[in-house]
Amino acid sequence: MKAYHRKWVSLGSMAGLSCYLILGSADPAAAMHIAEGFLPVQWAAFWWAVSLPFFVVGLRSLTRITKEHPELKLLLALAGAFTFVLSALKIPSVTGSSSHPTGTGLGAILFGPLIMTVLGTLVLIFQAILLAHGGVTTLGANVFSMAIVGPLVAFGVYGMVIRTGNQKLAVFLAAMIGNLLTYLTTAVQLALAFPAVQGGFLASFAKFVGIFAITQFPLAISEGLLTVLVWGWLQKYGQQELQALNIFETGAITHE
Amino acid sequence: MNKLSSNWLMVLGVTILALGPLFMLQGKEFGATDGNNTAAIQEIHPDYKPWFEPVIKDSGPEIQTFLFATQAGIGAGIAGYVLGLYKGRSQAHKKTDP
């Protein structure tokens, strides 16, 4: 295991550094959540309708978890706090613009993706109302990308990679790919709502992906590293909680 | 390499990733939040008008900083509290039943 860590840490740093050297002078770009009012009414309504059921189911499993395992409330608070911090950090990136991690991977691995739908939505509401970052009309779309797709992907990636037996790698990749897919989803949403006059959806998609792709990559690595860091502490000091979550029994996560 | 130093390496990695660009791209203003998305939208559909205004309109960079710092502070405070509690608890366990 230890040799593995070392390898991945150095691989990670090498990848990060080469990123800088190669892409240091790329175009400025930034992509975050979709801004207030920047989705046509029908798309805004559509994404609200899509996201709402996930939120409701998530809310129900949240109340079930807190009822059945009140001792896990603190861990829930940690998962929420983690995404609260990370999504507040606008980190400069190699492209000369900034973007932020999402922090939804940790909670998704611990509690399942739908719990993070609820916690992620709270973060998005905070930012939409107080910070004019994202928006109320676009909340549905932003919830779908950051609080539904991101956690689902993280959860899925963790489930797949954990079979290799390397838990840290699984956590790292889950958080990192969850982050990237969040922004990919935003690009899909924008391209659907704003297909280019020439080239339609694909041309638009390429344009929106181009805005965030390179910017987001180092941030995704950062998010992966930070998630592994917190995960390591949890493994060391929070065994009781992790066992309550059944993580170690099957090697994958079972809930409910 | 023990656990501690691998943690520090990860912290170092994040620090380099976050601060590196500041050194490499001197004098650059690290871009607007949703700016580039909205700019791209208006490039593709020049006549699109946003149909809803933010609840709190532009409160200026000072207030934005305050709010973002508050968000990060609350989150970090809670995370630190929980992790500290877990650590203290497991150390107390070690002392009582060796």
# chains A, B, ... in the order shown; residues from 1 in each chain; ligands from 1
call {"tool": "residues_around", "arguments": {"residues": "Leu225 of chain A", "least_positions_apart": "5", "cutoff": "12 Å", "atoms": "only C-alpha atoms", "output": "PyMOL selection string"}}
result
(chain A and resi 5+8-10+12-13+16+101+103+105-106+168-176+218-220+230-232) or (chain B and resi 6-17)
call {"tool": "write_last_selection", "arguments": {"atoms": "N, CA, C and O atoms", "output": "compact mmCIF listing (two decimals), in the first residue's frame"}}
result
# COMPACT_ATOMS: atom_id res chain seq x y z
N HIS A 5 1.05 4.51 -2.58
CA HIS A 5 0.81 5.94 -2.31
C HIS A 5 1.88 6.77 -2.93
O HIS A 5 1.62 7.74 -3.61
N TRP A 8 1.59 7.18 -6.55
CA TRP A 8 0.52 8.04 -7.05
C TRP A 8 0.74 9.48 -6.69
O TRP A 8 0.38 10.37 -7.46
N VAL A 9 1.33 9.70 -5.53
CA VAL A 9 1.61 11.08 -5.17
C VAL A 9 2.59 11.67 -6.17
O VAL A 9 2.38 12.76 -6.72
N SER A 10 3.65 10.92 -6.48
CA SER A 10 4.63 11.49 -7.40
C SER A 10 4.06 11.57 -8.80
O SER A 10 4.30 12.54 -9.52
N GLY A 12 1.00 12.12 -9.49
CA GLY A 12 0.12 13.28 -9.45
C GLY A 12 0.88 14.57 -9.59
O GLY A 12 0.53 15.44 -10.38
N SER A 13 1.97 14.68 -8.83
CA SER A 13 2.70 15.94 -8.90
C SER A 13 3.33 16.12 -10.28
O SER A 13 3.35 17.22 -10.81
N GLY A 16 0.68 17.24 -12.59
CA GLY A 16 0.36 18.64 -12.32
C GLY A 16 1.40 19.57 -12.90
O GLY A 16 1.08 20.53 -13.61
N PRO A 101 -13.26 23.89 -6.88
CA PRO A 101 -13.61 22.49 -6.72
C PRO A 101 -15.05 22.38 -6.20
O PRO A 101 -15.67 23.40 -5.88
N GLY A 103 -16.14 19.46 -4.03
CA GLY A 103 -16.13 18.84 -2.71
C GLY A 103 -17.26 17.85 -2.46
O GLY A 103 -17.51 17.48 -1.32
N GLY A 105 -17.40 14.78 -3.71
CA GLY A 105 -16.96 13.38 -3.80
C GLY A 105 -16.90 12.68 -2.46
O GLY A 105 -17.35 11.54 -2.32
N LEU A 106 -16.36 13.36 -1.45
CA LEU A 106 -16.18 12.74 -0.14
C LEU A 106 -17.52 12.22 0.42
O LEU A 106 -17.63 11.04 0.78
N LYS A 168 -7.08 4.49 -1.51
CA LYS A 168 -6.75 5.90 -1.72
C LYS A 168 -6.87 6.29 -3.19
O LYS A 168 -7.35 7.37 -3.51
N LEU A 169 -6.43 5.39 -4.04
CA LEU A 169 -6.56 5.66 -5.46
C LEU A 169 -8.03 5.80 -5.83
O LEU A 169 -8.42 6.68 -6.59
N ALA A 170 -8.86 4.93 -5.26
CA ALA A 170 -10.29 4.97 -5.55
C ALA A 170 -10.88 6.31 -5.11
O ALA A 170 -11.65 6.93 -5.85
N VAL A 171 -10.50 6.77 -3.92
CA VAL A 171 -11.02 8.04 -3.42
C VAL A 171 -10.55 9.20 -4.30
O VAL A 171 -11.33 10.07 -4.67
N PHE A 172 -9.27 9.15 -4.64
CA PHE A 172 -8.69 10.22 -5.46
C PHE A 172 -9.41 10.32 -6.80
O PHE A 172 -9.88 11.39 -7.20
N LEU A 173 -9.51 9.20 -7.49
CA LEU A 173 -10.12 9.22 -8.82
C LEU A 173 -11.60 9.58 -8.74
O LEU A 173 -12.12 10.30 -9.60
N ALA A 174 -12.27 9.10 -7.69
CA ALA A 174 -13.69 9.41 -7.55
C ALA A 174 -13.90 10.91 -7.45
O ALA A 174 -14.71 11.50 -8.18
N ALA A 175 -13.14 11.55 -6.56
CA ALA A 175 -13.30 12.99 -6.37
C ALA A 175 -12.91 13.76 -7.62
O ALA A 175 -13.58 14.70 -8.04
N MET A 176 -11.81 13.32 -8.25
CA MET A 176 -11.30 14.05 -9.40
C MET A 176 -12.25 13.94 -10.59
O MET A 176 -12.61 14.94 -11.21
N PRO A 218 -6.27 21.02 -13.25
CA PRO A 218 -5.49 21.07 -12.01
C PRO A 218 -6.38 21.16 -10.77
O PRO A 218 -6.03 20.62 -9.72
N LEU A 219 -7.52 21.81 -10.91
CA LEU A 219 -8.42 21.91 -9.76
C LEU A 219 -8.98 20.55 -9.39
O LEU A 219 -9.16 20.24 -8.21
N ALA A 220 -9.24 19.75 -10.41
CA ALA A 220 -9.75 18.41 -10.14
C ALA A 220 -8.70 17.59 -9.40
O ALA A 220 -9.02 16.83 -8.48
N VAL A 230 -8.51 14.13 3.76
CA VAL A 230 -9.56 14.00 4.77
C VAL A 230 -9.93 12.54 4.97
O VAL A 230 -10.16 12.08 6.09
N TRP A 231 -9.96 11.80 3.89
CA TRP A 231 -10.27 10.37 3.96
C TRP A 231 -9.28 9.64 4.87
O TRP A 231 -9.65 8.80 5.68
N GLY A 232 -8.00 10.01 4.72
CA GLY A 232 -6.97 9.38 5.55
C GLY A 232 -7.21 9.64 7.03
O GLY A 232 -7.10 8.73 7.86
N SER B 6 3.40 11.53 3.56
CA SER B 6 2.57 11.48 2.36
C SER B 6 1.44 12.51 2.46
O SER B 6 1.03 13.09 1.46
N ASN B 7 0.98 12.77 3.69
CA ASN B 7 0.00 13.85 3.86
C ASN B 7 0.60 15.19 3.48
O ASN B 7 -0.02 15.99 2.79
N TRP B 8 1.82 15.42 3.95
CA TRP B 8 2.46 16.69 3.63
C TRP B 8 2.69 16.84 2.14
O TRP B 8 2.57 17.92 1.59
N LEU B 9 3.03 15.72 1.49
CA LEU B 9 3.22 15.79 0.05
C LEU B 9 1.92 16.20 -0.66
O LEU B 9 1.94 16.97 -1.61
N MET B 10 0.81 15.69 -0.16
CA MET B 10 -0.46 16.05 -0.77
C MET B 10 -0.77 17.53 -0.56
O MET B 10 -1.22 18.22 -1.47
N VAL B 11 -0.49 18.00 0.67
CA VAL B 11 -0.69 19.43 0.94
C VAL B 11 0.19 20.26 0.02
O VAL B 11 -0.25 21.26 -0.57
N LEU B 12 1.44 19.81 -0.12
CA LEU B 12 2.37 20.52 -0.99
C LEU B 12 1.86 20.54 -2.43
O LEU B 12 1.89 21.58 -3.11
N GLY B 13 1.35 19.39 -2.88
CA GLY B 13 0.82 19.30 -4.24
C GLY B 13 -0.30 20.31 -4.47
O GLY B 13 -0.30 21.05 -5.46
N VAL B 14 -1.22 20.37 -3.53
CA VAL B 14 -2.35 21.30 -3.67
C VAL B 14 -1.84 22.74 -3.67
O VAL B 14 -2.29 23.58 -4.45
N THR B 15 -0.88 23.01 -2.78
CA THR B 15 -0.34 24.37 -2.70
C THR B 15 0.31 24.78 -4.02
O THR B 15 0.09 25.89 -4.52
N ILE B 16 1.09 23.86 -4.59
CA ILE B 16 1.74 24.17 -5.86
C ILE B 16 0.69 24.40 -6.94
O ILE B 16 0.76 25.37 -7.71
N LEU B 17 -0.30 23.52 -6.97
CA LEU B 17 -1.34 23.66 -8.00
C LEU B 17 -2.08 24.98 -7.85
O LEU B 17 -2.49 25.59 -8.83
call {"tool": "select_by_dssp", "arguments": {"residues": "segment 5-96 of chain B", "states": "alpha helix (DSSP H)", "output": "MDAnalysis selection string"}}
result
chainID B and resid 5:24 35:44 60:96
call {"tool": "interface_residues", "arguments": {"of": "chain A", "to": "chain B", "cutoff": "6 Å", "atoms": "only C-alpha atoms", "output": "PyMOL selection string"}}
result
chain A and resi 29-32+36-38+78+81+84-85+88+91-94+96-98+129+132+196+222+225+237-238
call {"tool": "write_last_selection", "arguments": {"atoms": "C-alpha atoms", "output": "PDB file, in the first residue's frame"}}
result
ATOM      1  CA  ALA A  29     -11.272  31.054 -19.384  1.00  0.00           C
ATOM      2  CA  ALA A  30     -13.541  30.398 -16.488  1.00  0.00           C
ATOM      3  CA  ALA A  31     -16.623  28.325 -16.089  1.00  0.00           C
ATOM      4  CA  MET A  32     -18.586  27.812 -12.971  1.00  0.00           C
ATOM      5  CA  GLU A  36     -28.769  33.750 -12.980  1.00  0.00           C
ATOM      6  CA  GLY A  37     -31.162  34.175 -15.874  1.00  0.00           C
ATOM      7  CA  PHE A  38     -28.784  32.597 -18.354  1.00  0.00           C
ATOM      8  CA  LEU A  78     -18.197  17.004   7.958  1.00  0.00           C
ATOM      9  CA  ALA A  81     -18.659  21.340   5.593  1.00  0.00           C
ATOM     10  CA  PHE A  84     -18.967  24.208   1.743  1.00  0.00           C
ATOM     11  CA  VAL A  85     -15.285  25.020   2.036  1.00  0.00           C
ATOM     12  CA  ALA A  88     -15.956  28.677  -1.733  1.00  0.00           C
ATOM     13  CA  ILE A  91      -8.464  28.709  -7.112  1.00  0.00           C
ATOM     14  CA  PRO A  92      -6.318  30.230  -9.832  1.00  0.00           C
ATOM     15  CA  SER A  93      -5.522  27.848 -12.630  1.00  0.00           C
ATOM     16  CA  VAL A  94      -2.909  27.515 -15.326  1.00  0.00           C
ATOM     17  CA  GLY A  96      -4.996  32.472 -16.110  1.00  0.00           C
ATOM     18  CA  SER A  97      -8.494  32.232 -14.795  1.00  0.00           C
ATOM     19  CA  SER A  98     -10.018  30.696 -11.735  1.00  0.00           C
ATOM     20  CA  ILE A 129     -28.798  34.061  -3.056  1.00  0.00           C
ATOM     21  CA  ALA A 132     -24.927  36.088  -7.178  1.00  0.00           C
ATOM     22  CA  ALA A 196     -24.826  27.188 -32.316  1.00  0.00           C
ATOM     23  CA  SER A 222      -6.403  19.385  -6.054  1.00  0.00           C
ATOM     24  CA  LEU A 225      -5.743  15.222  -3.149  1.00  0.00           C
ATOM     25  CA  TYR A 237      -9.747   8.483  13.720  1.00  0.00           C
ATOM     26  CA  GLY A 238     -13.251   7.727  12.536  1.00  0.00           C
TER      27      GLY A 238
END
call {"tool": "residues_around", "arguments": {"residues": "Gly140 of chain A", "least_positions_apart": "4", "cutoff": "10 Å", "atoms": "only C-alpha atoms", "output": "VMD selection string"}}
result
chain A and resid 43 to 52 121 124 135 to 136 144 to 145 147
call {"tool": "closest_residue", "arguments": {"among": "B:Ala39, B:Phe23, B:Pro46, B:Lys94", "to": "Ile211 of chain A", "atoms": "only C-alpha atoms"}}
result
B:Ala39
